[in-house]
file my_file_0.tsv (TSV, C-alpha atoms and all ligand atoms)
chain	number	residue	atom	x	y	z
A	1	MET	CA	7.62	0.84	-10.48
A	2	ALA	CA	7.39	-2.48	-9.07
A	3	ARG	CA	4.04	-3.06	-7.96
A	4	GLN	CA	2.65	-6.18	-6.58
A	5	ARG	CA	-0.55	-7.51	-5.53
A	6	ILE	CA	-1.16	-10.92	-4.25
A	7	ARG	CA	-4.04	-13.22	-4.28
A	8	PRO	CA	-4.21	-13.88	-0.61
A	9	GLN	CA	-5.97	-17.19	-0.57
A	10	GLU	CA	-3.94	-18.97	-3.14
A	11	GLU	CA	-0.54	-17.55	-3.68
A	12	ASN	CA	1.50	-18.06	-0.60
A	13	ASP	CA	1.05	-21.58	0.43
A	14	ASP	CA	4.75	-22.25	0.20
A	15	ASP	CA	5.86	-19.32	2.22
A	16	ASP	CA	4.49	-18.65	5.63
A	17	ARG	CA	6.05	-15.24	5.68
A	18	GLU	CA	3.55	-14.03	3.21
A	19	THR	CA	0.01	-13.05	3.72
A	20	ARG	CA	-2.63	-15.66	3.69
A	21	ASP	CA	-6.31	-15.11	3.78
A	22	THR	CA	-9.00	-17.09	5.38
A	23	PRO	CA	-12.56	-16.27	4.51
A	24	LYS	CA	-14.39	-15.27	7.59
A	25	LYS	CA	-17.67	-13.81	6.54
A	26	THR	CA	-20.19	-13.99	3.80
A	27	PRO	CA	-19.71	-11.14	1.41
A	28	LYS	CA	-22.35	-8.54	1.11
A	29	PRO	CA	-22.25	-6.03	-1.65
A	30	SER	CA	-21.68	-2.44	-0.77
A	31	ARG	CA	-18.95	-0.21	-2.04
A	32	SER	CA	-17.01	0.55	1.05
A	33	ASN	CA	-18.18	-2.11	3.38
A	34	THR	CA	-18.10	-5.26	1.40
A	35	ASN	CA	-16.87	-8.10	3.46
A	36	GLY	CA	-13.86	-9.78	2.14
A	37	SER	CA	-11.57	-12.11	3.84
A	38	ALA	CA	-8.12	-12.58	4.95
A	39	ASN	CA	-6.19	-13.32	7.94
A	40	SER	CA	-2.58	-12.69	7.72
A	41	ASN	CA	0.10	-15.23	8.32
A	42	SER	CA	1.87	-16.52	11.28
A	43	ALA	CA	4.98	-14.42	10.97
A	44	GLY	CA	2.89	-11.36	10.81
A	45	ASN	CA	4.99	-9.12	8.70
A	46	ASP	CA	2.58	-8.65	5.90
A	47	ALA	CA	-0.82	-7.17	5.65
A	48	GLY	CA	-1.18	-3.87	7.26
A	49	SER	CA	-3.44	-1.05	6.52
A	50	SER	CA	-1.98	2.08	5.26
A	51	GLY	CA	-4.09	3.26	2.50
A	52	VAL	CA	-6.96	4.74	4.35
A	53	ARG	CA	-8.36	7.58	2.44
A	54	ALA	CA	-10.87	10.14	3.38
A	55	SER	CA	-13.28	12.39	1.73
A	56	ALA	CA	-13.72	15.27	4.05
A	57	PRO	CA	-17.17	16.78	4.24
A	58	GLN	CA	-16.11	18.70	7.29
A	59	PRO	CA	-13.49	21.39	6.96
A	60	VAL	CA	-9.99	20.27	7.73
A	61	SER	CA	-6.98	22.40	8.43
A	62	LEU	CA	-4.33	21.65	5.85
A	63	GLN	CA	-0.75	22.33	6.71
A	64	SER	CA	2.28	22.11	4.51
A	65	PHE	CA	5.03	19.66	5.40
A	66	ASP	CA	8.42	18.97	3.86
A	67	PHE	CA	9.88	15.63	2.90
A	68	VAL	CA	12.74	14.16	0.91
A	69	THR	CA	12.30	12.10	-2.25
A	70	PRO	CA	15.35	10.25	-3.56
A	71	THR	CA	16.02	9.17	-7.12
A	72	VAL	CA	18.19	6.12	-7.74
A	73	ASP	CA	20.03	4.86	-10.80
A	74	SER	CA	19.78	1.35	-12.21
A	75	ASN	CA	22.29	0.10	-9.64
A	76	GLY	CA	20.31	1.55	-6.78
A	77	ASN	CA	22.74	4.36	-6.11
A	78	VAL	CA	21.03	7.54	-4.98
A	79	LYS	CA	21.46	10.16	-7.70
A	80	SER	CA	19.61	12.95	-5.98
A	81	ARG	CA	17.61	13.83	-2.94
A	82	GLU	CA	14.93	16.37	-3.62
A	83	ARG	CA	13.15	18.33	-0.95
A	84	LYS	CA	9.46	18.64	-1.65
A	85	SER	CA	6.36	19.71	0.19
A	86	ALA	CA	2.73	18.60	0.33
A	87	ASN	CA	-0.33	19.39	2.40
A	88	ALA	CA	-1.81	17.27	5.14
A	89	TYR	CA	-4.27	17.42	7.97
A	90	THR	CA	-4.07	15.67	11.30
A	91	GLU	CA	-6.66	13.65	13.18
A	92	ASP	CA	-6.23	13.56	16.95
A	93	LEU	CA	-6.95	10.03	18.10
A	94	GLY	CA	-6.38	10.85	21.76
A	95	GLY	CA	-3.55	9.94	24.07
A	96	SER	CA	-1.13	11.92	21.91
A	97	VAL	CA	-1.77	9.57	18.99
A	98	LYS	CA	-2.14	11.40	15.70
A	99	LEU	CA	-3.11	10.33	12.20
A	100	GLU	CA	-1.84	12.40	9.29
A	101	MET	CA	-3.65	12.44	5.96
A	102	VAL	CA	-1.98	13.80	2.84
A	103	ALA	CA	-3.86	15.62	0.09
A	104	ILE	CA	-3.52	13.83	-3.25
A	105	PRO	CA	-4.27	16.00	-6.29
A	106	PRO	CA	-6.48	14.95	-9.22
A	107	GLY	CA	-4.69	13.60	-12.25
A	108	GLU	CA	-4.28	10.74	-14.66
A	109	PHE	CA	-1.74	7.99	-15.11
A	110	MET	CA	-1.05	4.76	-16.89
A	111	MET	CA	-1.98	1.87	-14.64
A	112	GLY	CA	-0.68	-1.65	-15.04
A	113	SER	CA	1.91	-3.39	-17.13
A	114	GLN	CA	2.62	-3.87	-20.81
A	115	ASP	CA	3.71	-7.42	-20.08
A	116	LYS	CA	1.00	-9.64	-21.48
A	117	SER	CA	1.83	-12.38	-19.00
A	118	SER	CA	1.21	-10.08	-16.06
A	119	ASP	CA	-2.01	-9.93	-14.13
A	120	GLU	CA	-1.54	-6.18	-14.42
A	121	TYR	CA	-2.10	-6.32	-18.16
A	122	PRO	CA	-3.42	-4.51	-20.08
A	123	GLN	CA	-1.98	-1.17	-19.20
A	124	HIS	CA	-4.68	1.44	-19.26
A	125	ARG	CA	-5.14	5.13	-18.63
A	126	VAL	CA	-6.93	6.05	-15.40
A	127	ARG	CA	-8.24	9.53	-14.86
A	128	ILE	CA	-8.96	10.56	-11.28
A	129	ASN	CA	-10.85	13.81	-11.45
A	130	TYR	CA	-11.14	14.39	-7.72
A	131	SER	CA	-8.75	15.03	-4.90
A	132	PHE	CA	-8.57	12.68	-1.95
A	133	PHE	CA	-6.42	11.91	1.06
A	134	MET	CA	-4.06	9.05	1.80
A	135	GLY	CA	-2.34	8.24	5.05
A	136	LYS	CA	1.12	9.75	5.17
A	137	PHE	CA	2.25	6.55	6.87
A	138	GLU	CA	1.06	3.01	7.20
A	139	VAL	CA	-1.41	2.70	10.05
A	140	THR	CA	0.64	2.15	13.18
A	141	GLN	CA	0.09	-0.18	16.08
A	142	ALA	CA	-0.59	2.83	18.31
A	143	GLN	CA	-3.20	4.16	15.90
A	144	TRP	CA	-4.83	0.77	15.58
A	145	ARG	CA	-5.01	0.42	19.34
A	146	ALA	CA	-6.45	3.91	19.68
A	147	VAL	CA	-9.24	3.18	17.21
A	148	VAL	CA	-9.91	-0.53	17.61
A	149	GLY	CA	-8.69	-1.13	21.15
A	150	SER	CA	-6.40	-4.05	20.38
A	151	ASN	CA	-3.12	-4.83	18.68
A	152	PRO	CA	-3.01	-7.97	16.54
A	153	SER	CA	0.58	-7.45	15.44
A	154	SER	CA	3.28	-10.10	15.71
A	155	PHE	CA	6.04	-7.54	16.03
A	156	LYS	CA	4.79	-6.06	19.26
A	157	ASP	CA	6.31	-3.45	21.51
A	158	CYS	CA	6.72	-1.11	18.59
A	159	ASP	CA	3.98	1.49	18.66
A	160	GLU	CA	5.32	3.25	15.59
A	161	CYS	CA	5.64	0.10	13.52
A	162	PRO	CA	2.80	-0.63	11.13
A	163	VAL	CA	0.05	-2.84	12.44
A	164	GLU	CA	0.05	-6.29	10.84
A	165	ASN	CA	-1.96	-9.49	11.02
A	166	VAL	CA	-4.84	-7.41	9.79
A	167	SER	CA	-7.49	-9.01	7.61
A	168	TRP	CA	-9.33	-7.11	4.94
A	169	ASN	CA	-12.38	-7.18	7.15
A	170	ASP	CA	-10.33	-5.80	10.01
A	171	ALA	CA	-9.10	-2.95	7.82
A	172	VAL	CA	-12.62	-2.11	6.71
A	173	GLU	CA	-13.77	-2.13	10.32
A	174	PHE	CA	-10.90	0.16	11.28
A	175	CYS	CA	-12.07	2.63	8.64
A	176	ARG	CA	-15.67	2.37	9.84
A	177	LYS	CA	-14.70	3.08	13.44
A	178	LEU	CA	-12.40	5.90	12.43
A	179	SER	CA	-15.21	7.43	10.38
A	180	ALA	CA	-17.63	7.19	13.28
A	181	ARG	CA	-15.16	8.78	15.63
A	182	THR	CA	-14.10	11.65	13.42
A	183	GLY	CA	-17.23	12.39	11.40
A	184	ARG	CA	-15.23	12.08	8.21
A	185	GLU	CA	-15.49	9.25	5.75
A	186	TYR	CA	-12.53	6.90	5.78
A	187	ARG	CA	-12.29	3.85	3.58
A	188	LEU	CA	-9.73	1.69	1.88
A	189	PRO	CA	-8.38	3.13	-1.35
A	190	SER	CA	-9.36	1.64	-4.65
A	191	GLU	CA	-6.48	-0.14	-6.33
A	192	ALA	CA	-6.37	2.62	-8.93
A	193	GLU	CA	-6.17	5.30	-6.25
A	194	TRP	CA	-3.46	3.37	-4.51
A	195	GLU	CA	-1.34	2.97	-7.62
A	196	TYR	CA	-1.86	6.57	-8.61
A	197	ALA	CA	-0.81	7.72	-5.16
A	198	ALA	CA	2.10	5.31	-5.10
A	199	ARG	CA	3.45	6.30	-8.49
A	200	ALA	CA	3.11	9.96	-7.63
A	201	GLY	CA	3.62	11.01	-11.23
A	202	THR	CA	6.51	8.67	-11.98
A	203	THR	CA	6.61	6.12	-14.78
A	204	THR	CA	9.71	4.19	-13.76
A	205	GLN	CA	9.66	0.68	-12.39
A	206	PHE	CA	9.60	2.05	-8.88
A	207	ALA	CA	8.64	5.53	-7.77
A	208	PHE	CA	12.29	6.14	-6.91
A	209	GLY	CA	13.69	4.94	-10.22
A	210	PRO	CA	14.49	1.71	-12.08
A	211	THR	CA	15.16	-0.23	-8.86
A	212	VAL	CA	15.22	0.22	-5.10
A	213	THR	CA	17.47	-0.74	-2.22
A	214	PRO	CA	16.77	-1.65	1.41
A	215	ASP	CA	18.11	1.75	2.39
A	216	ILE	CA	14.94	3.35	1.09
A	217	VAL	CA	12.44	0.47	0.99
A	218	ASN	CA	11.98	-2.28	3.58
A	219	TYR	CA	11.93	-5.45	1.48
A	220	ASP	CA	14.07	-8.59	1.29
A	221	GLY	CA	17.39	-7.19	0.13
A	222	ASN	CA	18.67	-10.69	-0.67
A	223	TYR	CA	16.51	-10.48	-3.75
A	224	PRO	CA	17.12	-7.10	-5.35
A	225	TYR	CA	15.46	-5.97	-8.52
A	226	GLY	CA	17.43	-5.49	-11.72
A	227	SER	CA	21.07	-4.63	-11.28
A	228	ALA	CA	20.91	-3.39	-7.72
A	229	ALA	CA	23.28	-5.04	-5.27
A	230	LYS	CA	22.08	-7.31	-2.53
A	231	GLY	CA	21.34	-5.58	0.72
A	232	THR	CA	19.80	-5.88	4.14
A	233	SER	CA	17.02	-8.36	4.66
A	234	ARG	CA	15.38	-7.22	7.87
A	235	GLN	CA	12.52	-9.71	7.83
A	236	ARG	CA	10.64	-7.50	10.20
A	237	THR	CA	8.75	-4.26	10.14
A	238	VAL	CA	10.41	-0.96	10.89
A	239	PRO	CA	8.81	2.15	12.39
A	240	VAL	CA	6.83	4.00	9.76
A	241	GLY	CA	8.81	6.71	8.02
A	242	SER	CA	12.02	5.60	9.68
A	243	LEU	CA	13.83	5.11	6.38
A	244	GLY	CA	13.46	8.84	5.95
A	245	VAL	CA	12.16	9.05	2.41
A	246	ALA	CA	8.74	9.58	0.88
A	247	ASN	CA	7.47	9.43	-2.66
A	248	ALA	CA	6.76	12.59	-4.60
A	249	PHE	CA	3.32	12.94	-3.02
A	250	GLY	CA	4.80	12.72	0.48
A	251	LEU	CA	3.73	9.14	1.25
A	252	TYR	CA	6.11	6.92	3.23
A	253	ASP	CA	6.61	3.17	2.98
A	254	ILE	CA	3.99	2.78	0.32
A	255	LEU	CA	6.40	0.24	-1.08
A	256	GLY	CA	7.50	-2.41	1.36
A	257	ASN	CA	7.26	-2.76	5.13
A	258	VAL	CA	3.71	-4.16	5.07
A	259	TRP	CA	1.31	-4.97	2.28
A	260	GLU	CA	-1.60	-2.61	1.99
A	261	TRP	CA	-5.22	-3.52	1.46
A	262	CYS	CA	-7.31	-2.06	-1.32
A	263	GLN	CA	-11.07	-2.21	-1.71
A	264	ASP	CA	-10.97	-4.14	-4.94
A	265	VAL	CA	-11.64	-7.79	-5.47
A	266	TYR	CA	-8.81	-9.56	-7.27
A	267	HIS	CA	-9.07	-10.03	-11.02
A	268	ASP	CA	-6.36	-11.87	-12.94
A	269	SER	CA	-6.34	-9.19	-15.61
A	270	TYR	CA	-7.07	-5.50	-15.94
A	271	SER	CA	-9.38	-6.06	-18.90
A	272	ASP	CA	-12.51	-4.00	-18.28
A	273	ALA	CA	-11.03	-2.43	-15.16
A	274	PRO	CA	-12.54	0.93	-14.14
A	275	ILE	CA	-10.75	3.94	-15.56
A	276	ASP	CA	-12.14	6.60	-13.22
A	277	GLY	CA	-10.42	5.66	-9.97
A	278	SER	CA	-13.35	3.69	-8.62
A	279	ALA	CA	-12.87	0.31	-6.98
A	280	TRP	CA	-13.51	-2.85	-8.98
A	281	ILE	CA	-15.70	-4.95	-6.79
A	282	SER	CA	-17.70	-7.06	-9.22
A	283	GLY	CA	-17.01	-9.92	-11.58
A	284	ALA	CA	-14.72	-11.96	-9.36
A	285	ASP	CA	-14.55	-13.72	-6.03
A	286	ARG	CA	-15.38	-11.22	-3.33
A	287	ASN	CA	-13.38	-13.22	-0.85
A	288	VAL	CA	-10.15	-12.42	-2.63
A	289	ARG	CA	-8.99	-8.85	-2.23
A	290	VAL	CA	-6.10	-6.88	-3.58
A	291	LEU	CA	-2.95	-6.23	-1.61
A	292	ARG	CA	-0.34	-3.85	-2.91
A	293	GLY	CA	3.18	-2.73	-2.33
A	294	GLY	CA	5.05	-5.68	-0.88
A	295	SER	CA	6.35	-6.21	2.61
A	296	CYS	CA	9.56	-6.58	4.54
A	297	ALA	CA	9.65	-10.20	3.34
A	298	THR	CA	8.98	-9.43	-0.30
A	299	ARG	CA	11.56	-10.32	-2.92
A	300	PHE	CA	11.77	-8.07	-5.94
A	301	GLY	CA	14.48	-9.95	-7.72
A	302	PRO	CA	14.22	-12.58	-10.45
A	303	LEU	CA	15.04	-15.39	-8.05
A	304	ALA	CA	11.82	-14.78	-6.25
A	305	SER	CA	9.11	-17.32	-6.63
A	306	THR	CA	6.24	-16.32	-8.80
A	307	CYS	CA	3.92	-16.31	-5.87
A	308	GLU	CA	5.77	-13.44	-4.39
A	309	TYR	CA	6.78	-11.54	-7.41
A	310	SER	CA	4.96	-10.33	-10.43
A	311	ALA	CA	7.05	-8.42	-12.87
A	312	ALA	CA	5.86	-4.94	-13.45
A	313	GLY	CA	6.21	-3.12	-16.71
A	314	VAL	CA	8.31	-0.05	-16.94
A	315	SER	CA	5.24	2.03	-16.83
A	316	ASP	CA	3.94	0.14	-13.92
A	317	PHE	CA	3.86	2.03	-10.86
A	318	ARG	CA	4.92	2.00	-7.42
A	319	ARG	CA	3.64	1.64	-4.23
B	1	CA	CA	3.68	-0.56	2.59

call {"tool": "encode", "arguments": {"input": "my_file_0.tsv", "output": "structure tokens", "more": "lines below"}}
Ligand SMILES: [Ca+2]
result
Amino acid sequence: MARQRIRPQEENDDDDRETRDTPKKTPKPSRSNTNGSANSNSAGNDAGSSGVRASAPQPVSLQSFDFVTPTVDSNGNVKSRERKSANAYTEDLGGSVKLEMVAIPPGEFMMGSQDKSSDEYPQHRVRINYSFFMGKFEVTQAQWRAVVGSNPSSFKDCDECPVENVSWNDAVEFCRKLSARTGREYRLPSEAEWEYAARAGTTTQFAFGPTVTPDIVNYDGNYPYGSAAKGTSRQRTVPVGSLGVANAFGLYDILGNVWEWCQDVYHDSYSDAPIDGSAWISGADRNVRVLRGGSCATRFGPLASTCEYSAAGVSDFRR
């Protein structure tokens, strides 16, 4: 499925709606706490933080939940809506603010694109032999405020909208504070974990099929992918989960709404990328980190500028 990542410092100079990074700190090498960079842009509809993932040394109470996963045809018409279930646990952040974490099963998938011109080339098999947890939703403004004590978002007055204007360092700090508060380890997902979770077992261009529409993904509907019709271009975030559909793992808005930070540093190719789900944090500029999934301002269609759009192979994933 369409998958994007952007190179925050270099790729959006001509579009202030897209995320832009500014190095803030000197990198120091550690797996989950490496300092990166990145301040988001002025419009603030881009970088959020949804992919927190936890390993859970302390017992958690998993509960089953139901969700709906649509499948669309090449024109974006919904062919089916399937009811599925997954397991999640809930962190209580106080003040009635909750954080739900979905169990992601072990598995393997083909990561990347077969398009040799893509920075997601070469496609390669990744085997993740452990289970982990991903946020059911993008981290919301209410959650961010509960953990960090502030709200940097441009689209304010929307507690259930995803937080934005979040740098990579900010996202790492959020995870650190959340870990300290809960006694469980939270960190950003590796890019491989993110793509695996986003694809959720699918091999189509998007996790919902060969294209998407603004009815199920919050992106710039003026620039649809493939043969889908034009649609709504909201140009702003929407409350998490409000489009009513999740991928097959039960994750909402993994595509669109806000970009999502991964641990990895950005490489312009997947040559020599890890194949075990671990983050790739060496061999490139540590001040450039990977964002995935697109935002409410992202254009999937061929008219999009290359800085916003990188074609994904058929086997490329989602989120
Ligand atoms: Ca997203």

call {"tool": "residues_around", "arguments": {"input": "my_file_0.tsv", "residues": "Val139 (chain A)", "least_positions_apart": "5", "cutoff": "12 Å", "atoms": "all atoms listed in the file", "output": "ChimeraX atom specification"}}
result
/A:47-53,97-101,134,144-148,151,153,159-164,166,171,174-175,178,188,239-241,252-254,257-261

call {"tool": "closest_residue", "arguments": {"input": "my_file_0.tsv", "among": "A:Thr202, A:Thr140, A:Gln263, A:Ser227", "to": "ligand CA 1 (chain B)", "atoms": "all atoms listed in the file"}}
result
A:Thr140

call {"tool": "residues_near_point", "arguments": {"input": "my_file_0.tsv", "point": "(4.4, 7.1, -7.7)", "cutoff": "10 Å", "atoms": "only C-alpha atoms", "output": "compact mmCIF listing (two decimals) with C-alpha atoms, keeping the file's coordinate frame"}}
result
# COMPACT_ATOMS: atom_id res chain seq x y z
CA MET A 1 7.62 0.84 -10.48
CA PHE A 109 -1.74 7.99 -15.11
CA TRP A 194 -3.46 3.37 -4.51
CA GLU A 195 -1.34 2.97 -7.62
CA TYR A 196 -1.86 6.57 -8.61
CA ALA A 197 -0.81 7.72 -5.16
CA ALA A 198 2.10 5.31 -5.10
CA ARG A 199 3.45 6.30 -8.49
CA ALA A 200 3.11 9.96 -7.63
CA GLY A 201 3.62 11.01 -11.23
CA THR A 202 6.51 8.67 -11.98
CA THR A 203 6.61 6.12 -14.78
CA THR A 204 9.71 4.19 -13.76
CA GLN A 205 9.66 0.68 -12.39
CA PHE A 206 9.60 2.05 -8.88
CA ALA A 207 8.64 5.53 -7.77
CA PHE A 208 12.29 6.14 -6.91
CA GLY A 209 13.69 4.94 -10.22
CA ALA A 246 8.74 9.58 0.88
CA ASN A 247 7.47 9.43 -2.66
CA ALA A 248 6.76 12.59 -4.60
CA PHE A 249 3.32 12.94 -3.02
CA GLY A 250 4.80 12.72 0.48
CA LEU A 251 3.73 9.14 1.25
CA ILE A 254 3.99 2.78 0.32
CA LEU A 255 6.40 0.24 -1.08
CA ASP A 316 3.94 0.14 -13.92
CA PHE A 317 3.86 2.03 -10.86
CA ARG A 318 4.92 2.00 -7.42
CA ARG A 319 3.64 1.64 -4.23

call {"tool": "atom_distance", "arguments": {"input": "my_file_0.tsv", "atom1": "CA of Pro122 (chain A)", "atom2": "CA of Tyr270 (chain A)"}}
result
5.6 Å

call {"tool": "closest_residue", "arguments": {"input": "my_file_0.tsv", "among": "A:Val238, A:Ile128, A:Ile281, A:Ile275", "to": "ligand CA 1 (chain B)", "atoms": "all atoms listed in the file"}}
result
A:Val238

call {"tool": "closest_residue", "arguments": {"input": "my_file_0.tsv", "among": "A:Pro152, A:Gly221, A:Pro70, A:Pro274", "to": "Ser190 (chain A)", "atoms": "all atoms listed in the file"}}
result
A:Pro274

call {"tool": "closest_residue", "arguments": {"input": "my_file_0.tsv", "among": "A:Val68, A:Cys262, A:Ala192, A:Ala228", "to": "ligand CA 1 (chain B)", "atoms": "all atoms listed in the file"}}
result
A:Cys262

call {"tool": "closest_residue", "arguments": {"input": "my_file_0.tsv", "among": "A:Asn87, A:Ser278, A:Ser154, A:Thr237", "to": "ligand CA 1 (chain B)", "atoms": "all atoms listed in the file"}}
result
A:Thr237

call {"tool": "closest_residue", "arguments": {"input": "my_file_0.tsv", "among": "A:Asp268, A:Asp66, A:Ser85, A:Thr213", "to": "Tyr121 (chain A)", "atoms": "only C-alpha atoms"}}
result
A:Asp268

call {"tool": "atom_distance", "arguments": {"input": "my_file_0.tsv", "atom1": "CA of Asp285 (chain A)", "atom2": "CA of Glu120 (chain A)"}}
result
17.2 Å

call {"tool": "atom_distance", "arguments": {"input": "my_file_0.tsv", "atom1": "CA of Arg286 (chain A)", "atom2": "CA of His267 (chain A)"}}
result
10.0 Å

call {"tool": "build_atoms", "arguments": {"input": "my_file_0.tsv", "residues": "region 236-256 of chain A", "atoms": "N, CA and C atoms", "output": "mmCIF file, in the frame of the given file"}}
result
data_model
loop_
_atom_site.group_PDB
_atom_site.id
_atom_site.type_symbol
_atom_site.label_atom_id
_atom_site.label_comp_id
_atom_site.auth_asym_id
_atom_site.auth_seq_id
_atom_site.Cartn_x
_atom_site.Cartn_y
_atom_site.Cartn_z
ATOM 1 N N ARG A 236 11.557 -8.008 9.191
ATOM 2 C CA ARG A 236 10.640 -7.500 10.200
ATOM 3 C C ARG A 236 10.261 -6.064 9.821
ATOM 4 N N THR A 237 9.190 -5.613 10.426
ATOM 5 C CA THR A 237 8.750 -4.260 10.140
ATOM 6 C C THR A 237 9.673 -3.257 10.806
ATOM 7 N N VAL A 238 9.669 -2.065 10.273
ATOM 8 C CA VAL A 238 10.410 -0.960 10.890
ATOM 9 C C VAL A 238 9.405 0.159 11.165
ATOM 10 N N PRO A 239 9.722 1.032 12.119
ATOM 11 C CA PRO A 239 8.810 2.150 12.390
ATOM 12 C C PRO A 239 8.490 2.932 11.119
ATOM 13 N N VAL A 240 7.246 3.325 10.990
ATOM 14 C CA VAL A 240 6.830 4.000 9.760
ATOM 15 C C VAL A 240 7.641 5.280 9.556
ATOM 16 N N GLY A 241 8.054 5.506 8.348
ATOM 17 C CA GLY A 241 8.810 6.710 8.020
ATOM 18 C C GLY A 241 10.259 6.684 8.453
ATOM 19 N N SER A 242 10.684 5.592 9.094
ATOM 20 C CA SER A 242 12.020 5.600 9.680
ATOM 21 C C SER A 242 13.142 5.505 8.646
ATOM 22 N N LEU A 243 12.807 5.121 7.426
ATOM 23 C CA LEU A 243 13.830 5.110 6.380
ATOM 24 C C LEU A 243 14.050 6.509 5.807
ATOM 25 N N GLY A 244 13.180 7.427 6.192
ATOM 26 C CA GLY A 244 13.460 8.840 5.950
ATOM 27 C C GLY A 244 13.111 9.383 4.585
ATOM 28 N N VAL A 245 12.484 8.566 3.750
ATOM 29 C CA VAL A 245 12.160 9.050 2.410
ATOM 30 C C VAL A 245 10.694 8.782 2.086
ATOM 31 N N ALA A 246 10.129 9.693 1.313
ATOM 32 C CA ALA A 246 8.740 9.580 0.880
ATOM 33 C C ALA A 246 8.707 9.621 -0.636
ATOM 34 N N ASN A 247 7.585 9.255 -1.212
ATOM 35 C CA ASN A 247 7.470 9.430 -2.660
ATOM 36 C C ASN A 247 7.118 10.894 -2.968
ATOM 37 N N ALA A 248 6.918 11.189 -4.213
ATOM 38 C CA ALA A 248 6.760 12.590 -4.600
ATOM 39 C C ALA A 248 5.470 13.225 -4.096
ATOM 40 N N PHE A 249 4.536 12.408 -3.651
ATOM 41 C CA PHE A 249 3.320 12.940 -3.020
ATOM 42 C C PHE A 249 3.468 13.096 -1.510
ATOM 43 N N GLY A 250 4.591 12.611 -0.963
ATOM 44 C CA GLY A 250 4.800 12.720 0.480
ATOM 45 C C GLY A 250 4.310 11.512 1.259
ATOM 46 N N LEU A 251 4.199 10.357 0.587
ATOM 47 C CA LEU A 251 3.730 9.140 1.250
ATOM 48 C C LEU A 251 4.923 8.222 1.546
ATOM 49 N N TYR A 252 4.991 7.746 2.773
ATOM 50 C CA TYR A 252 6.110 6.920 3.230
ATOM 51 C C TYR A 252 5.753 5.435 3.179
ATOM 52 N N ASP A 253 6.739 4.630 2.881
ATOM 53 C CA ASP A 253 6.610 3.170 2.980
ATOM 54 C C ASP A 253 5.453 2.609 2.166
ATOM 55 N N ILE A 254 5.070 3.313 1.132
ATOM 56 C CA ILE A 254 3.990 2.780 0.320
ATOM 57 C C ILE A 254 4.489 1.518 -0.382
ATOM 58 N N LEU A 255 5.779 1.459 -0.595
ATOM 59 C CA LEU A 255 6.400 0.240 -1.080
ATOM 60 C C LEU A 255 7.118 -0.420 0.090
ATOM 61 N N GLY A 256 6.825 -1.682 0.316
ATOM 62 C CA GLY A 256 7.500 -2.410 1.360
ATOM 63 C C GLY A 256 6.932 -2.197 2.752
#
